[in-house]
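Enquirer: I'm passing along run36.cif; it holds mmCIF, C-alpha atoms.
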```cif
data_input
loop_
_atom_site.label_atom_id
_atom_site.label_comp_id
_atom_site.auth_asym_id
_atom_site.auth_seq_id
_atom_site.Cartn_x
_atom_site.Cartn_y
_atom_site.Cartn_z
CA MET A 1 260.05 69.93 8.38
CA GLU A 2 256.95 67.74 8.49
CA ALA A 3 257.93 65.83 5.35
CA THR A 4 261.47 65.30 6.62
CA VAL A 5 260.29 64.04 10.01
CA ALA A 6 257.79 61.74 8.29
CA TYR A 7 260.32 60.10 5.99
CA TRP A 8 262.88 59.62 8.78
CA ARG A 9 260.22 58.02 10.98
CA ALA A 10 259.31 55.69 8.09
CA ILE A 11 262.99 54.81 7.63
CA ALA A 12 263.35 54.11 11.36
CA GLU A 13 260.27 51.87 11.31
CA GLU A 14 261.55 49.89 8.31
CA SER A 15 264.96 49.59 9.96
CA ARG A 16 263.46 48.18 13.16
CA ARG A 17 261.67 45.56 11.09
CA ASP A 18 264.45 44.65 8.62
CA ARG A 19 267.58 45.43 10.70
CA PRO A 20 269.81 46.60 7.83
CA ASP A 21 273.52 47.26 8.17
CA TYR A 22 273.16 50.53 6.32
CA VAL A 23 270.67 52.99 4.81
CA LEU A 24 271.19 54.93 1.60
CA LEU A 25 268.81 57.88 1.44
CA VAL A 26 268.77 59.77 -1.86
CA ASP A 27 266.88 62.91 -0.90
CA GLU A 28 265.58 64.73 -3.97
CA LEU A 29 263.18 67.00 -2.08
CA ARG A 30 263.31 70.65 -3.01
CA GLY A 31 262.25 73.59 -0.98
CA PRO A 32 263.46 75.53 2.02
CA ALA A 33 266.33 73.82 3.83
CA LEU A 34 266.08 72.87 7.48
CA GLY A 35 268.28 74.90 9.77
CA ALA A 36 270.64 73.66 12.47
CA ALA A 37 268.01 73.78 15.24
CA GLU A 38 265.53 71.84 13.11
CA TRP A 39 268.11 69.14 12.33
CA GLN A 40 268.99 68.88 16.04
CA SER A 41 265.31 68.49 16.86
CA LEU A 42 264.86 65.82 14.20
CA VAL A 43 267.88 63.85 15.40
CA GLY A 44 266.51 64.07 18.93
CA THR A 45 263.26 62.45 17.80
CA LEU A 46 265.26 59.56 16.28
CA LEU A 47 267.19 58.70 19.45
CA GLY A 48 266.24 55.22 20.54
CA SER A 49 264.77 54.39 17.12
CA GLY A 50 267.40 51.75 16.38
CA LEU A 51 269.06 53.83 13.70
CA GLU A 52 272.03 54.31 16.02
CA SER A 53 273.29 50.88 14.92
CA VAL A 54 272.85 51.56 11.19
CA ARG A 55 275.38 53.29 8.93
CA ILE A 56 273.45 56.12 7.21
CA ALA A 57 274.42 57.90 3.99
CA HIS A 58 272.20 60.89 3.19
CA VAL A 59 272.61 62.00 -0.44
CA LYS A 60 271.40 65.43 -1.56
CA PRO A 61 272.11 65.44 -5.33
CA HIS A 62 270.72 68.98 -5.73
CA GLY A 63 273.17 70.44 -3.21
CA LEU A 64 273.73 70.15 0.51
CA ASP A 65 272.01 73.38 1.57
CA GLN A 66 272.30 73.06 5.35
CA VAL A 67 272.11 69.26 5.56
CA GLU A 68 275.64 69.18 7.00
CA HIS A 69 273.91 70.19 10.25
CA CYS A 70 272.14 66.84 10.04
CA GLU A 71 275.46 65.01 9.93
CA LEU A 72 276.91 67.01 12.78
CA SER A 73 273.84 66.58 14.97
CA ALA A 74 273.57 62.88 14.15
CA ARG A 75 277.23 62.16 14.88
CA GLN A 76 277.09 64.09 18.16
CA ALA A 77 274.09 61.95 19.16
CA GLY A 78 275.95 58.70 18.38
CA PHE A 79 274.70 57.91 14.89
CA GLU A 80 277.13 56.81 12.17
CA ALA A 81 276.02 59.19 9.42
CA ARG A 82 277.46 61.19 6.55
CA VAL A 83 276.01 63.51 3.93
CA PHE A 84 276.97 63.46 0.26
CA VAL A 85 276.09 65.18 -3.00
CA ASN A 86 277.29 62.14 -4.93
CA GLU A 87 275.50 58.79 -4.66
CA ARG A 88 278.56 56.85 -5.85
CA LEU A 89 280.70 58.17 -3.00
CA ALA A 90 277.90 57.48 -0.55
CA ARG A 91 277.74 53.85 -1.69
CA LEU A 92 281.51 53.48 -1.34
CA TRP A 93 281.40 54.88 2.18
CA LEU A 94 278.53 52.57 3.12
CA LEU A 95 280.44 49.52 1.90
CA PHE A 96 283.96 50.38 3.05
CA GLY A 97 283.63 53.08 5.73
CA ALA A 98 286.44 55.36 4.61
CA LEU A 99 286.89 57.21 1.36
CA PRO A 100 290.24 57.93 -0.29
CA ALA A 101 290.08 61.60 0.79
CA ASP A 102 289.23 60.68 4.41
#
```
Have the structure of the file written as structure tokens, please.

Expert:
Amino acid sequence: MEATVAYWRAIAEESRRDRPDYVLLVDELRGPALGAAEWQSLVGTLLGSGLESVRIAHVKPHGLDQVEHCELSARQAGFEARVFVNERLARLWLLFGALPAD
């Protein structure tokens, strides 16, 4: 949890400074997955960080585990975020918004 909170805070700080349209996070961390309550807590700490105005693609190439809770929590809080196992699809979504299967 600590590593995940730390990298999201770093992303939020960079985003405040650079004001990107989107963020592509390729998350190759391994270890125990965060649960739904942990993702909700993390999203709560990011409210007001400026990431609400940034399209976020979170790629987990080693499998989603429970990261879909991140997407659900983020979207409920007003973030435009999606999770992917495939970086190519994440890039397409970032650029165009919808995917052919959407």

Enquirer: Show which residues sit within 12 Å of Thr4 (chain A), as number ranges by chain. Count all atoms listed in the file, and ignore same-chain residues fewer than 6 positions away.

Expert: A: 10-11, 25, 27-34, 38-39, 41-43, 45-46, 67, 70

Enquirer: Go ahead and save the residues from that selection, with C-alpha atoms, as a compact mmCIF listing (two decimals), keeping the file's coordinate frame.

Expert:
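This is the output file part34.txt:
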```
# COMPACT_ATOMS: atom_id res chain seq x y z
CA ALA A 10 259.31 55.69 8.09
CA ILE A 11 262.99 54.81 7.63
CA LEU A 25 268.81 57.88 1.44
CA ASP A 27 266.88 62.91 -0.90
CA GLU A 28 265.58 64.73 -3.97
CA LEU A 29 263.18 67.00 -2.08
CA ARG A 30 263.31 70.65 -3.01
CA GLY A 31 262.25 73.59 -0.98
CA PRO A 32 263.46 75.53 2.02
CA ALA A 33 266.33 73.82 3.83
CA LEU A 34 266.08 72.87 7.48
CA GLU A 38 265.53 71.84 13.11
CA TRP A 39 268.11 69.14 12.33
CA SER A 41 265.31 68.49 16.86
CA LEU A 42 264.86 65.82 14.20
CA VAL A 43 267.88 63.85 15.40
CA THR A 45 263.26 62.45 17.80
CA LEU A 46 265.26 59.56 16.28
CA VAL A 67 272.11 69.26 5.56
CA CYS A 70 272.14 66.84 10.04
```

Enquirer: Step by step: start from the point (271.0, 47.8, 8.7) in the file's coordinates, keep every protein, DNA or RNA residue that has an atom no farther than 9 Å from it, count only C-alpha atoms, and write the set as a list in words.

Expert: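 Those residues, ordered by chain and then number, are Ser15, Arg16, Asp18, Arg19, Pro20, Asp21, Tyr22, Val23, Leu51, Ser53, Val54, Arg55 and Ile56 of chain A.
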
Enquirer: For the residues in that selection, give me C-alpha atoms as a PDB file, keeping the file's coordinate frame.

Expert:
```pdb
ATOM      1  CA  SER A  15     264.960  49.590   9.960  1.00  0.00           C
ATOM      2  CA  ARG A  16     263.460  48.180  13.160  1.00  0.00           C
ATOM      3  CA  ASP A  18     264.450  44.650   8.620  1.00  0.00           C
ATOM      4  CA  ARG A  19     267.580  45.430  10.700  1.00  0.00           C
ATOM      5  CA  PRO A  20     269.810  46.600   7.830  1.00  0.00           C
ATOM      6  CA  ASP A  21     273.520  47.260   8.170  1.00  0.00           C
ATOM      7  CA  TYR A  22     273.160  50.530   6.320  1.00  0.00           C
ATOM      8  CA  VAL A  23     270.670  52.990   4.810  1.00  0.00           C
ATOM      9  CA  LEU A  51     269.060  53.830  13.700  1.00  0.00           C
ATOM     10  CA  SER A  53     273.290  50.880  14.920  1.00  0.00           C
ATOM     11  CA  VAL A  54     272.850  51.560  11.190  1.00  0.00           C
ATOM     12  CA  ARG A  55     275.380  53.290   8.930  1.00  0.00           C
ATOM     13  CA  ILE A  56     273.450  56.120   7.210  1.00  0.00           C
TER      14      ILE A  56
END
```

Enquirer: So, with all atoms listed in the file as the atoms that count, which of A:Val5, A:Asp65, A:Leu72, A:Val26 lies closest to Arg88 (chain A)?

Expert: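 Answer, going by the shortest atom-to-atom distance: A:Val26.
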
Enquirer: Work out how far CA of Ala37 (chain A) is from CA of His69 (chain A), in Å to one decimal.

Expert: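 Between CA of His69 (chain A) and CA of Ala37 (chain A) the gap works out to 8.5 Å.
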
Enquirer: Record the distance separating CA of Val59 (chain A) and CA of Tyr7 (chain A), expressed in Å with one decimal.

Expert: 14.0 Å

Enquirer: Would you compute the distance between CA of Phe79 (chain A) and CA of Leu47 (chain A)? Give it in Å to one decimal.

Expert: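 Separation of CA of Phe79 (chain A) and CA of Leu47 (chain A): 8.8 Å.
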
Enquirer: Determine the nearest neighbour of Asn86 (chain A) from the options A:Arg9, A:Glu52, A:Glu2, A:Lys60, counting all atoms listed in the file.

Expert: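 Using all atoms listed in the file, the shortest distance to Asn86 (chain A) belongs to A:Lys60.
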
Enquirer: As a check of understanding, name the residues that the PyMOL selection byres ((chain A and resi 94) around 8) selects in the supplied structure, as a PyMOL selection string.

Expert: chain A and resi 22+24+55-57+90-93+95-97

Enquirer: Of the residues A:Leu64, A:Ala12, A:Ala36, A:Ala98, which is the one nearest to Ser49 (chain A), using all atoms listed in the file?

Expert: A:Ala12

Enquirer: When you count all atoms listed in the file, which of these residues is closest to His62 (chain A): A:Gly50, A:Val85, A:Glu80, A:Gln40?

Expert: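 That would be A:Val85, the residue with the smallest distance to His62 (chain A).
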
Enquirer: Can you report as JSON the centre and edge lengths in Å, to one decimal, of an axis-aligned box around the listed atoms of region 24-29 of chain A padded with 5 Å on each side?

Expert:
```
{"center_x": 267.2, "center_y": 61.0, "center_z": -1.2, "size_x": 18.0, "size_y": 22.1, "size_z": 15.6}
```
